[in-house]
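Student: So that you have it, the file is coords08.csv, and it contains CSV, C-alpha atoms:
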```csv
chain,number,residue,atom,x,y,z
A,1027,MET,CA,0.0,0.0,0.0
A,1028,ALA,CA,2.8,2.5,0.8
A,1029,ASP,CA,4.4,1.9,-2.6
A,1030,GLU,CA,1.1,2.5,-4.3
A,1031,ILE,CA,0.3,5.7,-2.4
A,1032,GLU,CA,3.7,7.3,-2.0
A,1033,PRO,CA,4.3,8.2,-5.7
A,1034,LEU,CA,0.8,9.7,-5.8
A,1035,GLU,CA,1.6,12.3,-3.2
A,1036,ASP,CA,1.5,15.7,-4.8
A,1037,ARG,CA,4.8,17.0,-3.7
A,1038,PRO,CA,4.6,20.4,-5.4
A,1039,LEU,CA,1.3,21.1,-3.8
A,1040,LEU,CA,2.5,20.0,-0.4
A,1041,ASP,CA,5.6,22.1,-0.7
A,1042,ALA,CA,3.5,25.1,-1.8
A,1043,LEU,CA,1.3,24.6,1.3
A,1044,GLY,CA,4.4,24.4,3.4
A,1045,ALA,CA,5.6,27.6,2.0
A,1046,LEU,CA,2.5,29.5,3.1
A,1047,PRO,CA,3.4,32.2,5.5
A,1048,TRP,CA,2.9,31.0,9.1
A,1049,PRO,CA,0.3,32.9,11.1
A,1050,GLN,CA,2.3,34.5,13.9
A,1051,PRO,CA,1.0,34.5,17.5
A,1052,PRO,CA,0.6,37.9,19.1
A,1053,ALA,CA,3.6,39.1,21.1
A,1054,SER,CA,1.4,39.1,24.3
A,1055,LEU,CA,0.6,35.4,24.1
A,1056,PRO,CA,3.6,34.1,26.3
A,1057,ARG,CA,2.8,36.8,28.9
A,1058,ASP,CA,-0.9,35.9,28.8
A,1059,PHE,CA,-0.1,32.2,29.2
A,1060,HIS,CA,2.2,32.7,32.2
A,1061,ALA,CA,-0.4,34.8,33.9
A,1062,ARG,CA,-3.0,32.2,33.3
A,1063,ALA,CA,-0.8,29.4,34.4
A,1064,ARG,CA,0.0,31.2,37.7
A,1065,ARG,CA,-3.8,31.7,38.3
A,1066,ALA,CA,-4.4,28.0,37.6
A,1067,ARG,CA,-1.7,27.0,40.1
A,1068,ARG,CA,-3.0,29.4,42.7
A,1069,ASP,CA,-6.6,28.2,42.2
A,1070,ARG,CA,-5.5,24.6,42.5
A,1071,GLN,CA,-3.8,25.4,45.8
A,1072,ARG,CA,-6.8,27.4,47.1
A,1073,TRP,CA,-9.1,24.5,46.5
A,1074,ARG,CA,-6.7,21.8,47.7
A,1075,LEU,CA,-7.7,22.1,51.4
A,1076,PRO,CA,-11.5,22.3,50.9
A,1077,ALA,CA,-11.2,19.5,48.3
A,1078,ALA,CA,-9.2,17.4,50.8
A,1079,LEU,CA,-11.8,18.2,53.5
A,1080,ALA,CA,-14.6,17.3,51.1
A,1081,LEU,CA,-12.9,14.1,50.2
A,1082,ALA,CA,-12.5,13.2,53.9
A,1083,ALA,CA,-16.1,14.0,54.5
A,1084,VAL,CA,-17.2,11.8,51.6
A,1085,LEU,CA,-14.9,9.0,52.8
A,1086,LEU,CA,-16.3,9.4,56.3
A,1087,LEU,CA,-19.9,9.2,55.0
A,1088,LEU,CA,-19.1,6.2,52.9
A,1089,LEU,CA,-17.4,4.4,55.8
A,1090,SER,CA,-20.1,5.3,58.3
A,1091,GLY,CA,-22.7,4.4,55.8
A,1092,GLY,CA,-21.0,1.1,55.4
A,1093,TRP,CA,-20.8,0.7,59.2
A,1094,LEU,CA,-24.5,1.7,59.6
A,1095,ARG,CA,-25.5,-0.8,56.9
A,1096,GLU,CA,-23.5,-3.5,58.6
A,1097,HIS,CA,-25.0,-2.5,62.0
A,1098,ARG,CA,-28.5,-2.6,60.6
A,1099,VAL,CA,-27.9,-6.0,59.1
A,1100,ARG,CA,-26.6,-7.3,62.4
A,1101,LEU,CA,-29.6,-5.9,64.2
A,1102,ARG,CA,-32.0,-7.4,61.8
A,1103,GLU,CA,-30.3,-10.7,62.0
A,1104,SER,CA,-30.2,-10.5,65.8
A,1105,ALA,CA,-33.9,-9.6,66.0
A,1106,ALA,CA,-34.7,-12.5,63.7
A,1107,LEU,CA,-32.7,-14.9,65.9
A,1108,HIS,CA,-34.3,-13.7,69.0
A,1109,ARG,CA,-37.8,-14.1,67.6
A,1110,GLN,CA,-36.8,-17.7,66.6
A,1111,PHE,CA,-35.6,-18.3,70.1
A,1112,ALA,CA,-38.7,-16.9,71.7
A,1113,VAL,CA,-40.9,-19.1,69.4
A,1114,ALA,CA,-38.8,-22.2,70.2
A,1115,MET,CA,-39.0,-21.6,73.9
A,1116,GLN,CA,-42.8,-21.8,73.6
A,1117,SER,CA,-42.5,-25.2,72.1
A,1118,VAL,CA,-44.2,-28.1,73.9
A,1119,SER,CA,-41.1,-30.2,73.1
A,1120,THR,CA,-38.5,-30.3,75.8
A,1121,GLY,CA,-36.0,-31.3,73.2
A,1122,GLU,CA,-36.7,-28.2,71.0
A,1123,ARG,CA,-36.4,-25.9,74.1
A,1124,LEU,CA,-33.1,-27.5,75.0
A,1125,THR,CA,-31.8,-27.1,71.5
A,1126,ALA,CA,-32.9,-23.4,71.4
A,1127,ILE,CA,-31.0,-22.8,74.7
A,1128,ALA,CA,-27.9,-24.6,73.5
A,1129,GLU,CA,-27.9,-22.3,70.4
A,1130,ALA,CA,-28.6,-19.2,72.3
A,1131,ALA,CA,-25.7,-19.9,74.7
A,1132,HIS,CA,-23.3,-19.1,71.9
A,1133,ARG,CA,-24.8,-15.8,71.0
A,1134,GLN,CA,-23.1,-12.5,72.1
A,1135,PRO,CA,-24.4,-10.1,73.2
A,1136,ALA,CA,-27.2,-11.9,74.8
A,1137,GLY,CA,-29.7,-9.0,74.7
A,1138,ASP,CA,-33.3,-10.3,74.6
A,1139,VAL,CA,-32.1,-13.9,74.8
A,1140,GLU,CA,-31.1,-13.2,78.4
A,1141,ARG,CA,-34.7,-12.3,79.4
A,1142,ALA,CA,-36.0,-15.5,77.7
A,1143,LEU,CA,-33.3,-17.6,79.4
A,1144,VAL,CA,-34.2,-16.0,82.8
A,1145,ALA,CA,-37.9,-16.8,82.1
A,1146,ALA,CA,-37.0,-20.4,81.2
A,1147,LEU,CA,-34.9,-20.6,84.4
A,1148,LEU,CA,-37.8,-19.5,86.6
A,1149,THR,CA,-40.8,-21.0,84.8
A,1150,ASP,CA,-39.9,-23.9,82.5
A,1151,PRO,CA,-41.6,-27.1,83.6
A,1152,SER,CA,-38.6,-29.2,82.6
A,1153,ALA,CA,-35.7,-29.4,85.1
A,1154,ASN,CA,-33.4,-30.3,82.2
A,1155,VAL,CA,-34.4,-27.1,80.5
A,1156,ARG,CA,-33.9,-25.1,83.7
A,1157,VAL,CA,-30.4,-26.6,84.1
A,1158,ALA,CA,-29.6,-25.7,80.5
A,1159,ALA,CA,-30.9,-22.1,81.1
A,1160,ALA,CA,-28.8,-21.8,84.2
A,1161,ASP,CA,-25.7,-23.0,82.4
A,1162,ALA,CA,-26.3,-20.7,79.4
A,1163,LEU,CA,-26.9,-17.7,81.7
A,1164,GLY,CA,-23.8,-18.5,83.5
A,1165,ARG,CA,-21.9,-18.3,80.2
A,1166,ILE,CA,-23.4,-15.3,78.4
A,1167,ALA,CA,-25.6,-13.2,80.7
A,1168,SER,CA,-24.3,-9.9,82.0
A,1169,PRO,CA,-23.7,-9.8,85.8
A,1170,ALA,CA,-26.4,-7.1,86.0
A,1171,THR,CA,-28.9,-9.6,84.7
A,1172,LEU,CA,-27.4,-12.8,86.2
A,1173,ALA,CA,-27.2,-11.6,89.9
A,1174,PRO,CA,-30.9,-10.8,90.5
A,1175,ALA,CA,-32.0,-13.8,88.3
A,1176,LEU,CA,-30.0,-16.3,90.4
A,1177,ARG,CA,-31.1,-14.7,93.7
A,1178,HIS,CA,-34.7,-15.0,92.7
A,1179,ALA,CA,-34.4,-18.5,91.2
A,1180,LEU,CA,-32.3,-19.9,94.2
A,1181,ALA,CA,-35.0,-18.7,96.5
A,1182,LEU,CA,-37.6,-20.7,94.7
A,1183,GLU,CA,-36.0,-23.7,92.9
A,1184,ARG,CA,-36.9,-27.1,94.4
A,1185,SER,CA,-34.8,-29.4,92.2
A,1186,PRO,CA,-31.3,-30.1,93.7
A,1187,PHE,CA,-30.1,-30.8,90.1
A,1188,VAL,CA,-31.1,-27.3,89.0
A,1189,GLN,CA,-29.9,-25.7,92.3
A,1190,VAL,CA,-26.4,-27.0,91.7
A,1191,ALA,CA,-26.4,-25.7,88.2
A,1192,MET,CA,-27.4,-22.3,89.5
A,1193,LEU,CA,-24.6,-22.4,92.1
A,1194,ARG,CA,-22.2,-23.1,89.2
A,1195,ALA,CA,-23.5,-20.0,87.4
A,1196,THR,CA,-22.6,-17.8,90.4
A,1197,ALA,CA,-19.0,-18.2,89.5
A,1198,ARG,CA,-19.2,-15.2,87.2
A,1199,LEU,CA,-20.7,-12.9,89.9
A,1200,SER,CA,-18.8,-10.6,92.1
A,1201,ALA,CA,-18.0,-11.9,95.6
A,1202,ALA,CA,-20.8,-9.8,97.1
A,1203,ASP,CA,-23.4,-10.9,94.6
A,1204,ARG,CA,-22.3,-14.5,94.8
A,1205,ARG,CA,-22.6,-14.4,98.7
A,1206,GLU,CA,-26.1,-12.8,98.4
A,1207,ALA,CA,-27.3,-15.4,95.9
A,1208,VAL,CA,-25.9,-18.4,97.9
A,1209,GLN,CA,-27.4,-17.1,101.1
A,1210,GLU,CA,-30.8,-17.1,99.5
A,1211,LEU,CA,-30.5,-20.8,99.0
A,1212,LEU,CA,-28.9,-21.5,102.5
A,1213,SER,CA,-31.6,-19.6,104.3
A,1214,ARG,CA,-34.1,-22.2,103.1
A,1215,ARG,CA,-34.8,-25.3,105.2
A,1216,ASP,CA,-35.7,-27.6,102.3
A,1217,VAL,CA,-32.3,-27.7,100.7
A,1218,ASP,CA,-30.6,-31.1,100.2
A,1219,GLN,CA,-27.5,-31.6,102.4
A,1220,SER,CA,-25.2,-32.2,99.3
A,1221,VAL,CA,-26.4,-29.0,97.8
A,1222,ARG,CA,-25.9,-27.1,101.1
A,1223,GLU,CA,-22.3,-28.4,101.2
A,1224,ASP,CA,-21.7,-27.2,97.7
A,1225,ALA,CA,-23.2,-23.8,98.6
A,1226,ASN,CA,-21.1,-23.6,101.7
A,1227,SER,CA,-17.9,-24.4,99.8
A,1228,ARG,CA,-18.7,-21.6,97.4
A,1229,LEU,CA,-19.2,-19.2,100.3
A,1230,THR,CA,-16.0,-20.3,101.9
A,1231,SER,CA,-14.0,-19.8,98.7
A,1232,THR,CA,-15.6,-16.4,98.4
A,1233,THR,CA,-14.7,-15.5,101.9
A,1234,GLU,CA,-11.1,-16.5,101.2
A,1235,GLY,CA,-10.9,-14.0,98.5
A,1236,ASP,CA,-12.0,-16.0,95.5
A,1237,SER,CA,-13.9,-13.0,94.1
A,1238,ARG,CA,-14.3,-11.7,90.6
B,485,MET,CA,12.2,20.5,11.9
B,486,PRO,CA,15.8,20.7,13.2
B,487,PRO,CA,16.3,19.4,16.8
B,488,PRO,CA,16.2,22.2,19.3
B,489,ALA,CA,19.3,23.5,21.0
B,490,GLY,CA,19.5,22.7,24.8
B,491,PRO,CA,17.6,20.0,26.5
B,492,THR,CA,15.2,17.8,24.6
B,493,ASP,CA,11.5,18.0,25.1
B,494,GLN,CA,11.7,14.7,27.1
B,495,GLN,CA,14.4,16.1,29.4
B,496,LEU,CA,12.2,19.2,30.0
B,497,MET,CA,9.2,17.1,30.9
B,498,VAL,CA,11.4,15.0,33.3
B,499,ARG,CA,12.4,18.3,35.0
B,500,ALA,CA,8.8,19.5,35.1
B,501,ARG,CA,7.7,16.2,36.8
B,502,GLN,CA,10.4,16.9,39.4
B,503,GLY,CA,8.7,20.2,40.2
B,504,HIS,CA,10.8,22.5,38.0
B,505,LEU,CA,7.9,24.2,36.3
B,506,ALA,CA,10.3,26.6,34.5
B,507,ALA,CA,10.9,23.7,32.2
B,508,LEU,CA,7.3,24.0,31.0
B,509,ASP,CA,8.0,27.7,30.2
B,510,THR,CA,10.9,26.5,28.0
B,511,LEU,CA,8.6,24.0,26.3
B,512,PHE,CA,6.0,26.8,25.7
B,513,ALA,CA,8.6,29.1,24.2
B,514,ARG,CA,9.8,26.3,22.0
B,515,HIS,CA,6.5,25.2,20.6
B,516,HIS,CA,3.7,27.7,21.1
B,517,ALA,CA,4.2,29.4,17.8
B,518,ARG,CA,3.9,26.2,15.9
B,519,VAL,CA,0.8,25.1,17.8
B,520,TYR,CA,-0.7,28.5,17.2
B,521,ALA,CA,0.1,28.5,13.5
B,522,PHE,CA,-1.5,25.1,13.1
B,523,LEU,CA,-4.7,26.1,15.1
B,524,ALA,CA,-5.0,29.4,13.3
B,525,ARG,CA,-4.8,27.8,9.8
B,526,TRP,CA,-6.9,24.9,10.7
B,527,LEU,CA,-9.7,26.8,12.5
B,528,GLY,CA,-9.4,30.0,10.5
B,529,ASP,CA,-9.9,31.8,13.9
B,530,ASN,CA,-7.0,33.6,15.4
B,531,ASP,CA,-8.7,34.5,18.7
B,532,ALA,CA,-9.7,30.9,19.2
B,533,ALA,CA,-6.2,29.8,18.3
B,534,GLN,CA,-4.7,32.1,21.0
B,535,ASP,CA,-7.0,30.7,23.7
B,536,LEU,CA,-6.5,27.1,22.6
B,537,VAL,CA,-2.7,27.4,22.7
B,538,GLN,CA,-2.9,28.5,26.3
B,539,GLU,CA,-5.3,25.7,27.1
B,540,THR,CA,-3.0,23.2,25.4
B,541,PHE,CA,-0.1,24.1,27.6
B,542,LEU,CA,-2.2,24.2,30.7
B,543,ARG,CA,-3.3,20.7,29.9
B,544,VAL,CA,0.4,19.8,29.5
B,545,LEU,CA,1.0,21.2,33.0
B,546,GLU,CA,-1.8,19.0,34.4
B,547,ARG,CA,-0.7,15.9,32.5
B,548,ARG,CA,3.0,16.2,32.7
B,549,ASP,CA,3.2,12.7,34.1
B,550,GLN,CA,1.5,11.4,30.9
B,551,ALA,CA,3.9,12.9,28.4
B,552,PRO,CA,5.3,10.3,26.0
B,553,PRO,CA,9.0,9.6,26.2
B,554,HIS,CA,9.9,11.3,22.9
B,555,ASP,CA,12.6,13.9,22.3
B,556,ASP,CA,10.2,15.9,20.2
B,557,LEU,CA,6.8,16.4,21.8
B,558,ALA,CA,5.3,18.4,18.9
B,559,PRO,CA,3.0,15.6,17.8
B,560,TRP,CA,1.7,15.1,21.3
B,561,LEU,CA,1.2,18.9,21.7
B,562,LEU,CA,-0.6,19.1,18.4
B,563,ARG,CA,-2.8,16.2,19.4
B,564,ILE,CA,-3.8,17.9,22.7
B,565,ALA,CA,-4.5,21.1,20.8
B,566,ARG,CA,-6.5,19.3,18.2
B,567,ASN,CA,-8.6,17.5,20.8
B,568,LEU,CA,-9.3,20.7,22.7
B,569,ALA,CA,-10.3,22.4,19.5
B,570,ILE,CA,-12.6,19.5,18.6
B,571,ASP,CA,-14.2,19.5,22.0
B,572,ARG,CA,-14.8,23.2,21.9
B,573,TYR,CA,-16.2,23.3,18.4
B,574,ARG,CA,-18.4,20.3,18.8
B,575,ARG,CA,-20.0,22.1,21.7
B,576,ASP,CA,-20.5,25.1,19.5
B,577,ARG,CA,-21.4,22.9,16.6
B,578,ARG,CA,-19.3,25.1,14.3
B,579,LEU,CA,-17.2,22.4,12.8
B,580,GLU,CA,-18.3,19.2,11.2
B,581,PHE,CA,-15.7,16.5,11.5
B,582,THR,CA,-16.1,14.0,8.7
B,583,PRO,CA,-12.7,12.4,8.4
B,584,ASP,CA,-13.2,10.7,5.0
B,585,VAL,CA,-15.0,12.8,2.5
B,586,GLU,CA,-14.6,11.7,-1.1
B,587,PRO,CA,-13.7,14.5,-3.4
B,588,LEU,CA,-16.1,15.2,-6.2
B,589,ALA,CA,-13.6,15.4,-9.0
B,590,ASP,CA,-9.8,15.5,-8.7
B,591,PRO,CA,-8.5,17.7,-11.5
B,592,GLY,CA,-5.0,16.5,-11.1
B,593,PRO,CA,-1.9,18.5,-10.4
B,594,LEU,CA,-2.5,22.3,-10.1
B,595,PRO,CA,-0.7,24.7,-12.4
B,596,LEU,CA,1.1,26.2,-9.5
B,597,GLU,CA,4.1,27.2,-11.7
B,598,ARG,CA,1.9,29.7,-13.5
B,599,LEU,CA,1.2,31.6,-10.3
B,600,THR,CA,3.2,34.3,-8.7
B,601,THR,CA,4.2,33.6,-5.1
B,602,GLU,CA,1.5,36.0,-3.8
B,603,GLU,CA,-1.2,34.4,-6.0
B,604,ARG,CA,-0.2,30.9,-5.0
B,605,SER,CA,-0.3,31.8,-1.3
B,606,ALA,CA,-3.7,33.6,-1.5
B,607,GLN,CA,-5.4,31.0,-3.7
B,608,LEU,CA,-4.1,28.0,-1.7
B,609,ALA,CA,-5.3,29.7,1.5
B,610,VAL,CA,-8.8,30.1,0.0
B,611,ALA,CA,-8.8,26.5,-1.2
B,612,LEU,CA,-7.6,25.3,2.2
B,613,ALA,CA,-10.5,27.1,3.9
B,614,ALA,CA,-12.9,25.5,1.5
B,615,ILE,CA,-12.2,21.8,2.4
B,616,SER,CA,-13.3,20.1,5.5
B,617,PRO,CA,-11.6,20.6,8.8
B,618,ALA,CA,-10.5,17.0,8.9
B,619,GLN,CA,-8.9,17.2,5.5
B,620,ARG,CA,-7.3,20.6,6.3
B,621,GLU,CA,-5.9,19.2,9.5
B,622,VAL,CA,-4.0,16.3,7.9
B,623,LEU,CA,-2.7,18.5,5.0
B,624,LEU,CA,-1.4,21.0,7.4
B,625,LEU,CA,0.3,18.4,9.5
B,626,ARG,CA,1.9,16.9,6.4
B,627,SER,CA,2.9,20.0,4.5
B,628,VAL,CA,3.4,22.7,7.1
B,629,GLU,CA,4.4,20.6,10.1
B,630,GLY,CA,6.4,18.2,7.9
B,631,MET,CA,5.1,15.2,9.9
B,632,ASP,CA,5.5,11.8,8.5
B,633,HIS,CA,2.4,9.6,8.3
B,634,ARG,CA,3.2,7.8,11.5
B,635,ASP,CA,3.3,11.1,13.4
B,636,ILE,CA,0.1,12.3,11.7
B,637,GLY,CA,-1.6,9.1,12.8
B,638,LEU,CA,-0.4,9.8,16.4
B,639,ALA,CA,-1.7,13.3,16.2
B,640,VAL,CA,-5.1,12.5,14.9
B,641,GLY,CA,-5.6,9.2,16.4
B,642,CYS,CA,-5.4,6.8,13.5
B,643,SER,CA,-3.0,4.3,12.0
B,644,GLU,CA,-0.2,5.2,9.7
B,645,GLY,CA,-1.9,3.6,6.8
B,646,THR,CA,-5.2,5.5,7.4
B,647,ALA,CA,-3.2,8.7,7.8
B,648,ARG,CA,-1.7,8.1,4.3
B,649,VAL,CA,-5.1,7.6,2.8
B,650,ARG,CA,-6.5,10.7,4.5
B,651,VAL,CA,-3.6,12.9,3.2
B,652,HIS,CA,-4.2,11.5,-0.3
B,653,ARG,CA,-7.8,12.3,-0.2
B,654,ALA,CA,-7.3,15.7,1.4
B,655,THR,CA,-4.9,16.6,-1.4
B,656,ALA,CA,-7.4,15.6,-4.0
B,657,ALA,CA,-10.1,17.6,-2.2
B,658,LEU,CA,-7.8,20.7,-2.1
B,659,ARG,CA,-7.1,20.4,-5.8
B,660,ALA,CA,-10.8,20.1,-6.5
B,661,ALA,CA,-11.5,23.2,-4.3
B,662,TRP,CA,-8.9,25.2,-6.1
B,663,GLN,CA,-10.2,24.1,-9.4
B,664,ALA,CA,-13.8,25.1,-8.5
B,665,ARG,CA,-12.7,28.5,-7.4
B,666,PHE,CA,-9.8,29.4,-9.6
B,667,GLY,CA,-9.8,26.8,-12.4
B,668,GLY,CA,-11.5,28.9,-15.0
B,669,THR,CA,-9.0,31.7,-14.4
B,670,HIS,CA,-6.0,29.6,-15.2
B,671,GLY,CA,-7.5,27.3,-17.8
```
Since I need it in another form, could you write the structure as structure tokens?

Tutor:
Amino acid sequence: MADEIEPLEDRPLLDALGALPWPQPPASLPRDFHARARRARRDRQRWRLPAALALAAVLLLLLSGGWLREHRVRLRESAALHRQFAVAMQSVSTGERLTAIAEAAHRQPAGDVERALVAALLTDPSANVRVAAADALGRIASPATLAPALRHALALERSPFVQVAMLRATARLSAADRREAVQELLSRRDVDQSVREDANSRLTSTTEGDSR
Amino acid sequence: MPPPAGPTDQQLMVRARQGHLAALDTLFARHHARVYAFLARWLGDNDAAQDLVQETFLRVLERRDQAPPHDDLAPWLLRIARNLAIDRYRRDRRLEFTPDVEPLADPGPLPLERLTTEERSAQLAVALAAISPAQREVLLLRSVEGMDHRDIGLAVGCSEGTARVRVHRATAALRAAWQARFGGTHG
């Protein structure tokens, strides 16, 4: 293709065009350009800080938006799980209630699950479920929830099996709260001797400084 | 075009990237007249050419990190100038850019030897203004700028082969335009 086209180039015409006088720029053009370039650099510097601030604000919004979205998703998921737990704890099947408690015991923070676990500890007809609730509360409940729940439950619980589980759950309480909860049990006359000995040993260890 | 005295264009851009913006002033001094001449002839508008020359070198300032590693940056500068002109004129809709327009009738070589220097300059300028901006552009780059077809392709954004074809067609269009305007005068 080059060999076909090259000879067809009209050299005289191109040369004649090349010989046309060049339009000359005005003498002021370099001065005008320098002034414009200085203004452009100044404007860029002037906008640099606000632009940086704007960029930081946008990034912050994006990040917080991302965090908010994530937080909302977590809340929605948590609420859904809590609803599932509440429904499961209404089940007539002891096995389902035990399974629900076992799953809830791994959830942090406990939130509404704590209240459902406390309700199970106090009112569930199955001793096995009440033991599972005591164990779960002992693992995940906040001391602020755990202390009054155990005090109340230890004052009422009749099953030695469940009483011992509650005593185990006092391990996470402060020394003072543990003493108060254990005394609730010891003040009762219907407590089994083995349970009383267990309770006394926990009081003794508390007295000797085994506090949280 | 003979190579410039002093640092090459690439060396100037290296210095500009290092923050020595006086290097851009040297580049401006070296090339602004050529960029202006091209724009003025191409657009037929001296005021626009002045403004676009300044915009071209401001763009070079912004994009100094993107300059190609060539000792002669004229093709790159002309390409920037060209693109800026196209953007502006497309917004104004004052220029129609149809890269490949078939000439109506190519009369063959012009009787340039019969013309005085002044006649030749005046008539070719008129004929140049009569062809399309795209045709005028490649003719100016070939004839006035002395670019080879590879550099023309770089400047206008096409292959070397396409640049050859465009120059060929533009030449034919110029001859036809001259013939239409002045052909009867010179037989």

Student: Which residues are close to Leu561 in chain B, i.e. within 8 Å by all atoms listed in the file, leaving aside same-chain residues fewer than 2 positions away? Reply as number ranges by chain.

Tutor: B: 519, 540-541, 544, 557-559, 563-565

Student: Could you work out how far CA of Asp1036 in chain A lies from CA of Pro595 in chain B, giving the answer in Å with one decimal?

Tutor: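 CA of Pro595 in chain B sits 12.0 Å away from CA of Asp1036 in chain A.
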
Student: Pick out the residues sitting within 10 Å of range 622-631 of chain B, and hand them over as a PyMOL selection string; count all atoms listed in the file, and ignore anything fewer than 3 positions along from it in its own chain.

Tutor: (chain A and resi 1037+1039-1048) or (chain B and resi 485+518-519+521-523+525-526+558-559+562+583+612+617-619+634-637+639-640+647-648+650-655+658)

Student: Between B:Leu608, B:Ile615, B:Ala551, B:Leu505, which one has atoms that come closest to chain A, using all atoms listed in the file?

Tutor: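 Between B:Leu608, B:Ile615, B:Ala551, B:Leu505, the residue approaching chain A most closely is B:Leu608.
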
Student: So that I can check the surroundings of Ala533 in chain B, please list as a list in words every protein, DNA and RNA residue that reaches within 8 Å of it, counting only C-alpha atoms and ignoring chain neighbours fewer than 6 positions away.

Tutor: Tyr520, Leu523, Ala524 and Leu527 of chain B

Student: Produce the centre coordinates and the three edge lengths, each in Å to one decimal, of the box along x, y and z that contains all listed atoms of range 606-618 of chain B with 6 Å added on each side, as AutoDock Vina command-line options.

Tutor:
```
--center_x -8.5 --center_y 25.3 --center_z 2.6 --size_x 21.6 --size_y 28.6 --size_z 24.6
```

Student: Select, from B:Ser643, B:Asn530, B:Gln550, B:Asn567, the residue with the minimum atom-to-atom distance to chain A, counting only C-alpha atoms.

Tutor: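 Selected residue with least distance to chain A: B:Asn530.
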
Student: Just checking: using only C-alpha atoms, which residue out of A:Arg1123, A:Arg1177, A:Arg1064, A:Arg1184 ends up closest to Ala1158 in chain A?

Tutor: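 Looking at the shortest contact to Ala1158 in chain A, the residue is A:Arg1123.
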
Student: Residues near range 496-503 of chain B, anyone? I mean within 9 Å using only C-alpha atoms, not counting same-chain ones fewer than 5 positions away, as a ChimeraX atom specification.

Tutor: /B:491,508,510-511,545,548-549,551,553

Student: Counting only C-alpha atoms, which residue out of B:Glu621, B:Asp509, B:Asp556, B:Asp493 sits closest to chain A?

Tutor: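 Among B:Glu621, B:Asp509, B:Asp556, B:Asp493, it is B:Asp509 that comes nearest to chain A.
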
Student: Neighbouring residues of Ala1128 in chain A were defined as those with any atom within 10 Å, considering all atoms listed in the file; residues of the same chain fewer than 4 positions away were excluded. Please report them as a PyMOL selection string.

Tutor: chain A and resi 1122-1124+1132-1133+1155+1158-1159+1161-1162

Student: Enter the distance from CA of Pro1186 in chain A to CA of Phe1111 in chain A, in Å, rounded to one decimal.

Tutor: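 Separation of CA of Pro1186 in chain A and CA of Phe1111 in chain A: 26.7 Å.
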
Student: Mind listing whatever residues come within 12 Å of the point (-8.1, 28.4, -12.3)? Use only C-alpha atoms, file coordinates, and give them as a PyMOL selection string.

Tutor: chain B and resi 591+593-596+598-599+603-604+607-608+611+659-671

Student: Using only C-alpha atoms, which residue out of A:Ser1227, A:Thr1149, A:Gln1050, A:Gln1209 lies closest to chain B?

Tutor: A:Gln1050

Student: Counting all atoms listed in the file, write as number ranges by chain all protein and nucleic acid residues lying at most 7 Å from (-26.9, -17.2, 91.2) in the file's frame.

Tutor: A: 1172-1173, 1175-1177, 1180, 1192-1193, 1195-1196, 1204, 1207-1208

Student: Quick check, in Å to one decimal: how far apart do CA of Ala1131 in chain A and CA of Arg1102 in chain A lie?

Tutor: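 Between these atoms lies a distance of 19.0 Å.
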
Student: Looking at B:Thr646, B:Gln538, B:Thr600, B:Ser605, which one is nearest to Ala513 in chain B, with distances taken over only C-alpha atoms?

Tutor: B:Gln538
